[in-house]
>>> print(open('input00.csv').read())   # CSV, C-alpha atoms
chain,number,residue,atom,x,y,z
A,1,MET,CA,8.0,12.9,-23.5
A,2,VAL,CA,7.1,13.9,-19.9
A,3,ARG,CA,9.6,14.4,-17.1
A,4,ILE,CA,8.2,13.4,-13.7
A,5,ALA,CA,9.7,13.9,-10.3
A,6,HIS,CA,8.3,11.5,-7.7
A,7,PHE,CA,8.4,12.3,-4.0
A,8,SER,CA,8.0,9.6,-1.2
A,9,ASP,CA,8.5,9.7,2.6
A,10,ALA,CA,8.3,5.9,2.5
A,11,SER,CA,11.5,4.2,1.4
A,12,VAL,CA,11.3,3.1,-2.2
A,13,VAL,CA,13.4,0.1,-1.4
A,14,GLY,CA,11.1,-1.0,1.4
A,15,VAL,CA,8.4,-3.7,1.4
A,16,ASN,CA,5.4,-1.4,1.0
A,17,GLY,CA,2.7,-0.7,-1.5
A,18,ILE,CA,4.0,2.8,-2.2
A,19,ALA,CA,7.4,1.4,-3.2
A,20,SER,CA,5.7,-1.2,-5.4
A,21,SER,CA,3.6,1.4,-7.1
A,22,ILE,CA,6.4,3.8,-7.8
A,23,GLY,CA,8.7,1.1,-9.0
A,24,LEU,CA,6.2,-0.4,-11.5
A,25,LEU,CA,5.1,3.0,-12.7
A,26,THR,CA,8.6,4.4,-13.3
A,27,ARG,CA,9.8,1.3,-15.0
A,28,THR,CA,6.8,1.3,-17.4
A,29,LEU,CA,7.1,5.0,-18.1
A,30,ARG,CA,10.8,4.8,-18.8
A,31,GLY,CA,10.2,1.9,-21.1
A,32,ARG,CA,8.0,4.3,-23.1
A,33,GLY,CA,10.6,7.0,-23.3
A,34,HIS,CA,9.5,9.2,-20.4
A,35,ASP,CA,12.0,10.4,-17.8
A,36,CYS,CA,11.5,9.9,-14.0
A,37,VAL,CA,13.5,10.8,-11.0
A,38,VAL,CA,12.5,9.6,-7.5
A,39,VAL,CA,13.1,11.5,-4.3
A,40,SER,CA,13.0,9.1,-1.4
A,41,ALA,CA,13.6,9.1,2.3
A,42,GLY,CA,16.8,7.1,2.8
A,43,PRO,CA,19.4,6.3,5.4
A,44,VAL,CA,21.2,9.0,7.4
A,45,TRP,CA,24.6,7.9,5.9
A,46,GLY,CA,25.2,6.5,2.5
A,47,GLY,CA,22.8,6.3,-0.5
A,48,ALA,CA,23.3,10.0,-1.4
A,49,ALA,CA,22.9,9.1,-5.1
A,50,SER,CA,21.8,5.9,-6.7
A,51,GLY,CA,20.9,5.9,-10.4
A,52,ASP,CA,17.5,7.7,-10.8
A,53,VAL,CA,16.9,8.0,-7.0
A,54,ILE,CA,17.8,11.0,-5.0
A,55,TRP,CA,18.2,9.8,-1.4
A,56,VAL,CA,17.4,12.2,1.4
A,57,PRO,CA,18.8,11.5,4.9
A,58,SER,CA,16.0,10.5,7.3
A,59,VAL,CA,15.2,8.6,10.5
A,60,PRO,CA,12.7,5.8,11.0
A,61,THR,CA,9.2,6.7,12.4
A,62,GLY,CA,8.2,3.2,13.5
A,63,MET,CA,5.3,3.3,11.1
A,64,GLY,CA,6.2,0.7,8.5
A,65,ASP,CA,8.6,2.1,6.0
A,66,PHE,CA,7.7,5.8,6.6
A,67,ARG,CA,10.7,7.9,7.6
A,68,PHE,CA,11.0,11.4,8.9
A,69,VAL,CA,13.3,13.9,7.2
A,70,PRO,CA,14.6,16.4,9.8
A,71,PHE,CA,17.6,17.5,7.6
A,72,PRO,CA,18.0,20.5,5.3
A,73,LEU,CA,16.5,19.9,1.9
A,74,ALA,CA,18.2,22.7,0.0
A,75,GLY,CA,20.6,20.3,-1.8
A,76,MET,CA,17.8,18.0,-2.9
A,77,ARG,CA,15.7,20.9,-4.1
A,78,ASP,CA,18.5,22.3,-6.2
A,79,ARG,CA,19.1,18.9,-7.9
A,80,VAL,CA,15.4,18.5,-8.7
A,81,MET,CA,15.0,22.1,-10.0
A,82,MET,CA,18.1,21.7,-12.2
A,83,TRP,CA,16.6,18.5,-13.6
A,84,ARG,CA,13.5,20.6,-14.6
A,85,PRO,CA,10.6,18.2,-14.3
A,86,ASP,CA,7.3,18.8,-16.1
A,87,VAL,CA,5.2,17.3,-13.3
A,88,VAL,CA,5.7,16.6,-9.6
A,89,HIS,CA,4.0,13.4,-8.4
A,90,VAL,CA,3.7,13.3,-4.6
A,91,HIS,CA,3.0,9.9,-3.0
A,92,THR,CA,3.1,10.8,0.7
A,93,PRO,CA,2.0,13.7,2.9
A,94,GLY,CA,5.2,14.0,4.9
A,95,PRO,CA,8.1,16.5,4.7
A,96,LEU,CA,9.2,15.2,1.4
A,97,GLY,CA,5.7,15.4,0.0
A,98,ALA,CA,5.6,19.0,1.2
A,99,ALA,CA,9.0,19.7,-0.4
A,100,GLY,CA,7.7,18.3,-3.7
A,101,ILE,CA,4.7,20.6,-3.6
A,102,SER,CA,7.0,23.5,-2.8
A,103,VAL,CA,9.4,22.7,-5.7
A,104,ALA,CA,6.4,22.5,-8.1
A,105,ARG,CA,5.2,25.9,-7.0
A,106,ASP,CA,8.7,27.4,-7.5
A,107,LEU,CA,8.9,25.9,-11.0
A,108,GLY,CA,5.3,26.8,-11.9
A,109,ILE,CA,4.5,23.1,-12.7
A,110,PRO,CA,1.5,21.0,-11.6
A,111,VAL,CA,1.3,18.5,-8.7
A,112,VAL,CA,-0.3,15.1,-8.9
A,113,TYR,CA,-1.0,13.5,-5.6
A,114,THR,CA,-1.7,9.8,-5.0
A,115,TYR,CA,-3.7,9.1,-1.8
A,116,HIS,CA,-1.9,5.8,-1.1
A,117,THR,CA,-2.3,5.8,2.7
A,118,ASP,CA,-5.4,5.9,4.9
A,119,MET,CA,-4.1,8.6,7.2
A,120,HIS,CA,-7.1,8.2,9.6
A,121,GLY,CA,-6.3,4.5,10.0
A,122,TYR,CA,-2.6,5.0,10.6
A,123,ALA,CA,-3.2,7.9,13.0
A,124,GLY,CA,-5.5,5.6,15.0
A,125,GLU,CA,-3.4,2.4,14.9
A,126,TYR,CA,-0.2,4.1,15.9
A,127,TYR,CA,-1.9,6.4,18.4
A,128,ILE,CA,-0.3,9.5,16.9
A,129,PRO,CA,-1.1,12.4,19.2
A,130,VAL,CA,-3.5,15.0,17.8
A,131,GLY,CA,-1.0,17.7,18.6
A,132,VAL,CA,1.6,16.1,16.3
A,133,ILE,CA,-0.8,15.9,13.4
A,134,ARG,CA,-1.9,19.5,14.0
A,135,ALA,CA,1.8,20.6,14.0
A,136,GLY,CA,2.3,18.8,10.7
A,137,ALA,CA,-0.7,20.5,9.2
A,138,ALA,CA,0.6,23.9,10.4
A,139,VAL,CA,3.8,23.3,8.6
A,140,TYR,CA,1.9,22.7,5.4
A,141,GLY,CA,-0.2,25.8,6.1
A,142,ARG,CA,2.9,28.0,6.4
A,143,HIS,CA,4.6,26.7,3.3
A,144,LEU,CA,1.7,25.9,1.0
A,145,GLY,CA,-1.1,28.2,2.0
A,146,ARG,CA,-3.8,27.9,4.5
A,147,CYS,CA,-7.0,25.9,3.9
A,148,GLY,CA,-8.9,26.8,7.1
A,149,ALA,CA,-8.5,25.6,10.6
A,150,PRO,CA,-9.8,22.2,11.8
A,151,ARG,CA,-13.6,22.3,12.6
A,152,GLY,CA,-13.0,20.3,15.7
A,153,ALA,CA,-10.3,19.2,18.1
A,154,GLY,CA,-10.6,15.5,17.5
A,155,ARG,CA,-8.2,13.3,15.6
A,156,TYR,CA,-10.5,12.9,12.6
A,157,GLU,CA,-11.0,16.6,12.1
A,158,VAL,CA,-7.3,17.3,12.5
A,159,VAL,CA,-6.3,14.6,10.0
A,160,GLU,CA,-8.9,16.0,7.6
A,161,ALA,CA,-7.4,19.5,7.9
A,162,ALA,CA,-3.9,18.0,7.2
A,163,ASN,CA,-5.3,16.1,4.1
A,164,ALA,CA,-6.9,19.3,2.9
A,165,ARG,CA,-3.6,21.1,2.8
A,166,VAL,CA,-2.3,18.5,0.3
A,167,PHE,CA,-5.6,18.0,-1.7
A,168,ALA,CA,-5.8,21.8,-2.3
A,169,SER,CA,-2.3,21.9,-3.6
A,170,ALA,CA,-2.7,19.2,-6.2
A,171,GLU,CA,-4.1,19.6,-9.7
A,172,VAL,CA,-5.1,16.0,-9.8
A,173,ILE,CA,-5.7,13.5,-7.0
A,174,ILE,CA,-5.3,9.8,-7.7
A,175,ALA,CA,-7.1,7.3,-5.5
A,176,PRO,CA,-6.1,3.7,-5.9
A,177,THR,CA,-9.6,2.4,-5.2
A,178,GLU,CA,-13.0,3.8,-4.5
A,179,ALA,CA,-12.5,2.8,-0.9
A,180,ALA,CA,-9.9,5.6,-0.5
A,181,LEU,CA,-12.5,8.1,-1.3
A,182,ARG,CA,-14.8,6.9,1.4
A,183,ARG,CA,-12.3,7.2,4.3
A,184,CYS,CA,-12.0,11.0,4.1
A,185,ARG,CA,-13.9,14.1,2.9
A,186,MET,CA,-13.2,14.2,-0.9
A,187,ALA,CA,-16.3,15.9,-2.0
A,188,PRO,CA,-14.8,19.4,-2.3
A,189,TYR,CA,-12.1,18.0,-4.6
A,190,ALA,CA,-14.4,15.7,-6.7
A,191,GLU,CA,-13.4,17.4,-10.0
A,192,LYS,CA,-9.7,16.6,-9.3
A,193,ILE,CA,-10.1,12.9,-8.5
A,194,GLN,CA,-9.2,10.0,-10.7
A,195,VAL,CA,-9.4,6.3,-9.6
A,196,ILE,CA,-6.3,4.4,-10.9
A,197,ALA,CA,-5.6,1.0,-9.5
A,198,THR,CA,-2.0,-0.2,-9.2
A,199,PRO,CA,-1.5,-3.7,-10.7
A,200,PRO,CA,0.8,-6.3,-9.1
A,201,GLY,CA,4.5,-6.0,-9.7
A,202,LEU,CA,5.0,-9.8,-9.8
A,203,PRO,CA,4.2,-11.8,-12.9
A,204,PRO,CA,1.1,-14.1,-12.7
A,205,VAL,CA,1.5,-17.5,-11.1
A,206,ALA,CA,0.6,-20.1,-13.8
A,207,ASP,CA,0.7,-23.3,-11.8
A,208,ARG,CA,-0.6,-22.9,-8.2
A,209,GLY,CA,0.6,-26.0,-6.4
A,210,GLY,CA,3.1,-27.7,-8.6
A,211,PRO,CA,6.8,-28.2,-7.9
A,212,ALA,CA,7.4,-24.7,-6.6
A,213,GLY,CA,4.5,-24.8,-4.2
A,214,ALA,CA,5.5,-28.3,-3.1
A,215,GLY,CA,9.1,-27.1,-2.6
A,216,PHE,CA,8.0,-24.2,-0.4
A,217,ARG,CA,5.9,-26.6,1.7
A,218,ALA,CA,8.8,-29.0,2.1
A,219,ARG,CA,11.3,-26.4,3.1
A,220,HIS,CA,9.0,-25.1,5.8
A,221,GLY,CA,7.8,-28.5,7.1
A,222,ILE,CA,4.2,-28.1,5.8
A,223,PRO,CA,2.5,-31.4,4.8
A,224,ALA,CA,1.4,-31.7,1.2
A,225,ASP,CA,-2.3,-32.1,2.3
A,226,SER,CA,-2.4,-29.4,4.9
A,227,PRO,CA,-4.6,-26.4,4.0
A,228,VAL,CA,-2.5,-23.2,4.1
A,229,VAL,CA,-3.9,-19.8,5.1
A,230,LEU,CA,-1.5,-17.3,3.6
A,231,PHE,CA,-0.9,-13.6,4.5
A,232,VAL,CA,1.7,-11.5,2.6
A,233,GLY,CA,2.6,-8.0,3.8
A,234,ARG,CA,4.2,-6.1,6.6
A,235,LEU,CA,3.6,-7.9,9.9
A,236,THR,CA,2.4,-4.9,11.7
A,237,ALA,CA,-0.6,-3.9,13.9
A,238,GLU,CA,-2.3,-1.7,11.2
A,239,LYS,CA,-2.3,-4.7,8.8
A,240,GLY,CA,-4.6,-6.6,11.2
A,241,VAL,CA,-2.1,-9.4,11.9
A,242,GLY,CA,-3.3,-9.6,15.6
A,243,LEU,CA,-6.9,-10.2,14.3
A,244,LEU,CA,-5.7,-12.9,11.9
A,245,ILE,CA,-3.9,-14.7,14.7
A,246,ASP,CA,-7.0,-14.7,16.9
A,247,ALA,CA,-9.1,-15.9,14.0
A,248,PHE,CA,-6.7,-18.7,13.0
A,249,ALA,CA,-6.8,-20.0,16.6
A,250,MET,CA,-10.5,-20.6,16.0
A,251,VAL,CA,-9.8,-22.2,12.6
A,252,ILE,CA,-7.5,-24.9,13.9
A,253,ALA,CA,-10.0,-25.7,16.6
A,254,ARG,CA,-12.1,-27.3,13.9
A,255,LEU,CA,-9.4,-27.9,11.2
A,256,PRO,CA,-6.3,-28.9,13.2
A,257,ALA,CA,-4.3,-29.7,10.0
A,258,ALA,CA,-4.4,-26.1,8.8
A,259,LYS,CA,-1.2,-24.0,8.7
A,260,LEU,CA,-0.8,-20.2,8.9
A,261,VAL,CA,2.0,-18.8,6.7
A,262,LEU,CA,3.0,-15.2,7.3
A,263,VAL,CA,5.3,-13.7,4.7
A,264,GLY,CA,6.8,-10.2,5.2
A,265,PRO,CA,9.0,-8.1,7.4
A,266,GLU,CA,8.2,-8.3,11.1
A,267,SER,CA,7.6,-5.2,13.2
A,268,ARG,CA,9.2,-5.3,16.6
A,269,THR,CA,6.3,-3.4,18.1
A,270,LEU,CA,3.8,-6.1,17.1
A,271,ARG,CA,5.6,-8.7,19.3
A,272,LEU,CA,4.5,-11.4,16.9
A,273,ARG,CA,6.2,-14.3,18.7
A,274,ARG,CA,4.5,-13.4,21.9
A,275,LEU,CA,1.1,-13.2,20.2
A,276,LEU,CA,1.6,-16.6,18.5
A,277,ASP,CA,2.8,-18.2,21.8
A,278,ARG,CA,-0.2,-16.9,23.8
A,279,ALA,CA,-2.6,-18.2,21.1
A,280,GLY,CA,-0.9,-21.6,21.1
A,281,LEU,CA,-0.1,-21.2,17.4
A,282,VAL,CA,3.7,-21.6,17.3
A,283,PRO,CA,3.5,-25.2,16.0
A,284,HIS,CA,0.9,-24.2,13.5
A,285,THR,CA,2.5,-21.1,12.0
A,286,VAL,CA,5.4,-20.4,9.6
A,287,VAL,CA,6.9,-17.0,9.7
A,288,THR,CA,9.3,-16.5,6.7
A,289,GLY,CA,10.3,-12.8,7.1
A,290,ALA,CA,10.7,-10.8,3.9
A,291,LEU,CA,11.2,-12.8,0.8
A,292,PRO,CA,12.4,-11.9,-2.7
A,293,GLY,CA,9.9,-11.9,-5.5
A,294,ALA,CA,10.5,-15.5,-6.5
A,295,GLY,CA,10.1,-16.6,-2.9
A,296,VAL,CA,6.8,-14.7,-2.6
A,297,GLN,CA,5.5,-16.4,-5.7
A,298,GLU,CA,6.4,-19.8,-4.2
A,299,ALA,CA,4.4,-18.9,-1.1
A,300,TYR,CA,1.4,-18.0,-3.3
A,301,ARG,CA,1.8,-21.4,-5.1
A,302,ALA,CA,1.7,-23.1,-1.7
A,303,GLY,CA,-1.4,-21.3,-0.4
A,304,THR,CA,-4.9,-22.5,-0.2
A,305,VAL,CA,-6.7,-19.3,1.0
A,306,PHE,CA,-5.4,-15.7,1.2
A,307,ALA,CA,-6.5,-13.9,4.3
A,308,PHE,CA,-6.5,-10.1,4.3
A,309,PRO,CA,-7.4,-8.8,7.8
A,310,SER,CA,-6.4,-5.1,7.2
A,311,VAL,CA,-8.9,-2.3,7.6
A,312,THR,CA,-6.5,0.5,6.9
A,313,ASP,CA,-5.5,-0.2,3.3
A,314,THR,CA,-6.6,1.9,0.4
A,315,GLN,CA,-5.8,-0.9,-2.1
A,316,GLY,CA,-3.7,-3.7,-0.9
A,317,ILE,CA,-1.5,-4.7,-3.9
A,318,VAL,CA,-1.0,-8.1,-2.4
A,319,LEU,CA,-4.7,-8.7,-3.2
A,320,HIS,CA,-3.9,-8.4,-6.9
A,321,GLU,CA,-0.9,-10.7,-6.5
A,322,ALA,CA,-3.0,-13.3,-4.7
A,323,ALA,CA,-5.7,-13.1,-7.3
A,324,MET,CA,-3.2,-13.5,-10.1
A,325,ALA,CA,-2.2,-16.7,-8.4
A,326,GLY,CA,-5.8,-17.9,-8.4
A,327,LEU,CA,-6.0,-17.9,-4.6
A,328,PRO,CA,-9.5,-17.3,-3.1
A,329,ILE,CA,-9.4,-14.2,-0.9
A,330,VAL,CA,-11.1,-13.5,2.5
A,331,MET,CA,-11.4,-9.8,3.4
A,332,THR,CA,-12.6,-8.1,6.6
A,333,ASP,CA,-13.0,-4.5,5.5
A,334,PRO,CA,-16.4,-3.8,4.0
A,335,VAL,CA,-15.4,-0.4,2.7
A,336,LEU,CA,-12.4,-1.8,0.8
A,337,HIS,CA,-14.5,-4.8,-0.4
A,338,ALA,CA,-17.2,-2.5,-1.8
A,339,GLY,CA,-14.7,-0.2,-3.6
A,340,HIS,CA,-12.1,-2.7,-4.7
A,341,PRO,CA,-11.9,-4.0,-8.3
A,342,LEU,CA,-11.5,-7.5,-6.9
A,343,GLY,CA,-14.4,-7.2,-4.4
A,344,GLY,CA,-16.7,-9.1,-6.7
A,345,ALA,CA,-14.6,-12.2,-6.3
A,346,ALA,CA,-13.4,-11.9,-2.7
A,347,HIS,CA,-15.3,-13.3,0.3
A,348,LEU,CA,-16.3,-10.6,2.8
A,349,ALA,CA,-16.1,-11.9,6.4
A,350,ALA,CA,-18.0,-10.4,9.3
A,351,ALA,CA,-16.1,-8.2,11.7
A,352,GLY,CA,-14.0,-9.6,14.5
A,353,PRO,CA,-12.1,-12.8,15.0
A,354,ASP,CA,-15.2,-15.0,14.8
A,355,GLY,CA,-16.3,-13.5,11.5
A,356,LEU,CA,-12.8,-13.8,9.9
A,357,ALA,CA,-12.5,-17.4,11.2
A,358,ALA,CA,-15.8,-18.3,9.7
A,359,GLY,CA,-14.9,-16.8,6.4
A,360,ILE,CA,-11.6,-18.7,6.3
A,361,ARG,CA,-13.3,-22.0,7.2
A,362,ALA,CA,-16.0,-21.4,4.6
A,363,LEU,CA,-13.4,-21.5,1.8
A,364,LEU,CA,-11.2,-24.2,3.3
A,365,THR,CA,-14.2,-26.5,3.5
A,366,ALA,CA,-15.9,-25.6,0.2
A,367,PRO,CA,-13.2,-26.3,-2.5
A,368,GLU,CA,-15.6,-25.7,-5.4
A,369,GLU,CA,-16.6,-22.2,-4.2
A,370,ALA,CA,-12.9,-21.5,-3.4
A,371,ARG,CA,-11.9,-22.5,-7.0
A,372,ASP,CA,-14.7,-20.4,-8.4
A,373,ARG,CA,-13.7,-17.3,-6.4
A,374,GLY,CA,-10.0,-17.9,-7.3
A,375,GLU,CA,-10.8,-18.0,-11.0
A,376,ARG,CA,-13.0,-14.9,-10.9
A,377,GLY,CA,-10.3,-13.1,-9.0
A,378,ARG,CA,-7.7,-14.1,-11.6
A,379,LEU,CA,-9.9,-12.8,-14.5
A,380,LEU,CA,-10.5,-9.5,-12.8
A,381,ALA,CA,-6.9,-9.0,-11.8
A,382,SER,CA,-5.7,-9.8,-15.3
A,383,GLU,CA,-7.4,-6.7,-16.6
A,384,LEU,CA,-5.2,-4.5,-14.3
A,385,THR,CA,-2.0,-4.4,-16.4
A,386,ALA,CA,1.1,-2.3,-16.1
A,387,ASP,CA,0.3,-0.7,-19.5
A,388,ARG,CA,-3.2,0.3,-18.4
A,389,PHE,CA,-1.7,1.7,-15.2
A,390,ALA,CA,0.8,3.8,-17.2
A,391,ASP,CA,-1.9,5.0,-19.7
A,392,GLU,CA,-4.2,6.2,-17.0
A,393,THR,CA,-1.4,7.9,-15.0
A,394,LEU,CA,-0.2,9.6,-18.1
A,395,ARG,CA,-3.7,10.9,-18.7
A,396,ALA,CA,-3.7,12.3,-15.1
A,397,TYR,CA,-0.4,14.0,-15.9
A,398,GLN,CA,-1.8,15.5,-19.1
A,399,ALA,CA,-4.9,16.7,-17.2
A,400,ALA,CA,-2.7,18.4,-14.6
A,401,LEU,CA,-0.5,20.0,-17.3
A,402,GLY,CA,-3.7,21.2,-19.1
A,403,ALA,CA,-5.1,22.7,-15.9
A,404,THR,CA,-1.9,24.5,-15.1
A,405,ALA,CA,-1.7,25.9,-18.6
A,406,SER,CA,-5.4,27.1,-18.5
A,407,ARG,CA,-4.8,28.9,-15.2
A,408,ALA,CA,-1.6,30.5,-16.5
>>> encode(input="input00.csv", output="structure tokens")
Amino acid sequence: MVRIAHFSDASVVGVNGIASSIGLLTRTLRGRGHDCVVVSAGPVWGGAASGDVIWVPSVPTGMGDFRFVPFPLAGMRDRVMMWRPDVVHVHTPGPLGAAGISVARDLGIPVVYTYHTDMHGYAGEYYIPVGVIRAGAAVYGRHLGRCGAPRGAGRYEVVEAANARVFASAEVIIAPTEAALRRCRMAPYAEKIQVIATPPGLPPVADRGGPAGAGFRARHGIPADSPVVLFVGRLTAEKGVGLLIDAFAMVIARLPAAKLVLVGPESRTLRLRRLLDRAGLVPHTVVTGALPGAGVQEAYRAGTVFAFPSVTDTQGIVLHEAAMAGLPIVMTDPVLHAGHPLGGAAHLAAAGPDGLAAGIRALLTAPEEARDRGERGRLLASELTADRFADETLRAYQAALGATASRA
């Protein structure tokens, strides 16, 4: 039995890939008799203790479900250290991630770090000042040891220096896809890296279309014969929603019966309604907001093509969900496409709105190719099971424990 303490600066009850990954992993590991505790950023008031989650008061950052922890962490540290984990698994590079690494050092146990988030992409999309990133890296340097100063003053170099603080502190680095390795300098840590894909948390969709898909369409006023371009995820700038809106405006110019369905929590900063209004897409778009698992599955059943415009994702768990539903996928990120386990089935669109629009139209107007890509995607995604995910992660934990024992 292994006891694992997970640390996340992203809320584990939010709609995000980190929460999905942690939730699936801890459920599967507990089902095998292993113990897990999750330390998660939570609300300022309430949620102090909830089952196997230790909530740490925090405030929103405006970057998806990432939250900032400005409050004293002594109480949380004491609880985790009394729990006596064997391994610390850090999922984010924020204050809680740093606290997890610090706890591991105090206990003399290994750290496993999953590089869930493309920090370069987020720093650019949210225009995070270089000084803020440098200050965060300095905090890591003071508490976790220095790894050298940035080699340049630009955002890329400063983010790389911040990443290096975390990479150097981990015994094992997990990348969810090969794409994650290409977005930053991983070469100095090559011996530590393991690529482990997170499978979808939703069960496979057995009957795309069918009564559930028809019911979803009926509730949202979508005609039964209208092609549906579906996106599932946070409706934020870094997910490429603005690009998708521009591309869909070009799609309906040739396919006026098409509908755009956006499923997920809406970011205020995106100003989605304004974007749709300016593009003339309000009558052609359905925005559902966040849906429970059953509702998301109904949306997959109602879809015709799944569009994934993001260029900041290291994996995109919704790609696995869409593939398990048999939906053909259009992607825009050549790095993610080349390094993703589903890349062989997905259609890679050229950059920009014109390219994405052409990719969507290509699948909407070629049903045989769409069915073939959907079936290939389903077969590839079916190999990524929760048991495989748990097996590979447990091997990462054992490798980390072995490295720590050898060093001792």
>>> closest_atom_pairs(input="input00.csv", of="region 287-372 of chain A", to="region 160-184 of chain A", cutoff="6 Å", atoms="only C-alpha atoms", output="CSV")
residue,atom,partner,partner_atom,distance
A:Thr314,CA,A:Ala180,CA,5.0
A:Gln315,CA,A:Thr177,CA,5.9
A:Val335,CA,A:Ala179,CA,5.6
A:Leu336,CA,A:Ala179,CA,4.9
A:Gly339,CA,A:Glu178,CA,4.4
A:His340,CA,A:Thr177,CA,5.7
>>> write_last_selection(input="input00.csv", atoms="C-alpha atoms", output="mmCIF file, in the frame of the given file")
data_model
loop_
_atom_site.group_PDB
_atom_site.id
_atom_site.type_symbol
_atom_site.label_atom_id
_atom_site.label_comp_id
_atom_site.auth_asym_id
_atom_site.auth_seq_id
_atom_site.Cartn_x
_atom_site.Cartn_y
_atom_site.Cartn_z
ATOM 1 C CA THR A 314 -6.600 1.900 0.400
ATOM 2 C CA GLN A 315 -5.800 -0.900 -2.100
ATOM 3 C CA VAL A 335 -15.400 -0.400 2.700
ATOM 4 C CA LEU A 336 -12.400 -1.800 0.800
ATOM 5 C CA GLY A 339 -14.700 -0.200 -3.600
ATOM 6 C CA HIS A 340 -12.100 -2.700 -4.700
#
>>> closest_residue(input="input00.csv", among="A:Val37, A:Leu319, A:Ala290, A:Leu327", to="Val15 (chain A)", atoms="all atoms listed in the file")
A:Ala290
>>> residues_around(input="input00.csv", residues="Leu230 (chain A)", least_positions_apart="4", cutoff="6 Å", atoms="only C-alpha atoms", output="PyMOL selection string")
chain A and resi 261+303+306
>>> closest_residue(input="input00.csv", among="A:Gly100, A:Pro328, A:Pro43, A:Pro256", to="His284 (chain A)", atoms="only C-alpha atoms")
A:Pro256
>>> residues_around(input="input00.csv", residues="Gly23 (chain A)", least_positions_apart="5", cutoff="10 Å", atoms="all atoms listed in the file", output="list in words")
Val12, Val13, Gly17, Ile18, Thr28, Val38 and Gly201 of chain A
>>> closest_residue(input="input00.csv", among="A:Gly97, A:Val103, A:Ala41, A:Asp372", to="Asp78 (chain A)", atoms="all atoms listed in the file")
A:Val103
>>> closest_residue(input="input00.csv", among="A:Phe248, A:Phe389, A:Trp83, A:Tyr397", to="Lys192 (chain A)", atoms="only C-alpha atoms")
A:Tyr397
>>> closest_residue(input="input00.csv", among="A:Pro203, A:Gly233, A:Pro85, A:Pro292", to="Asp35 (chain A)", atoms="only C-alpha atoms")
A:Pro85
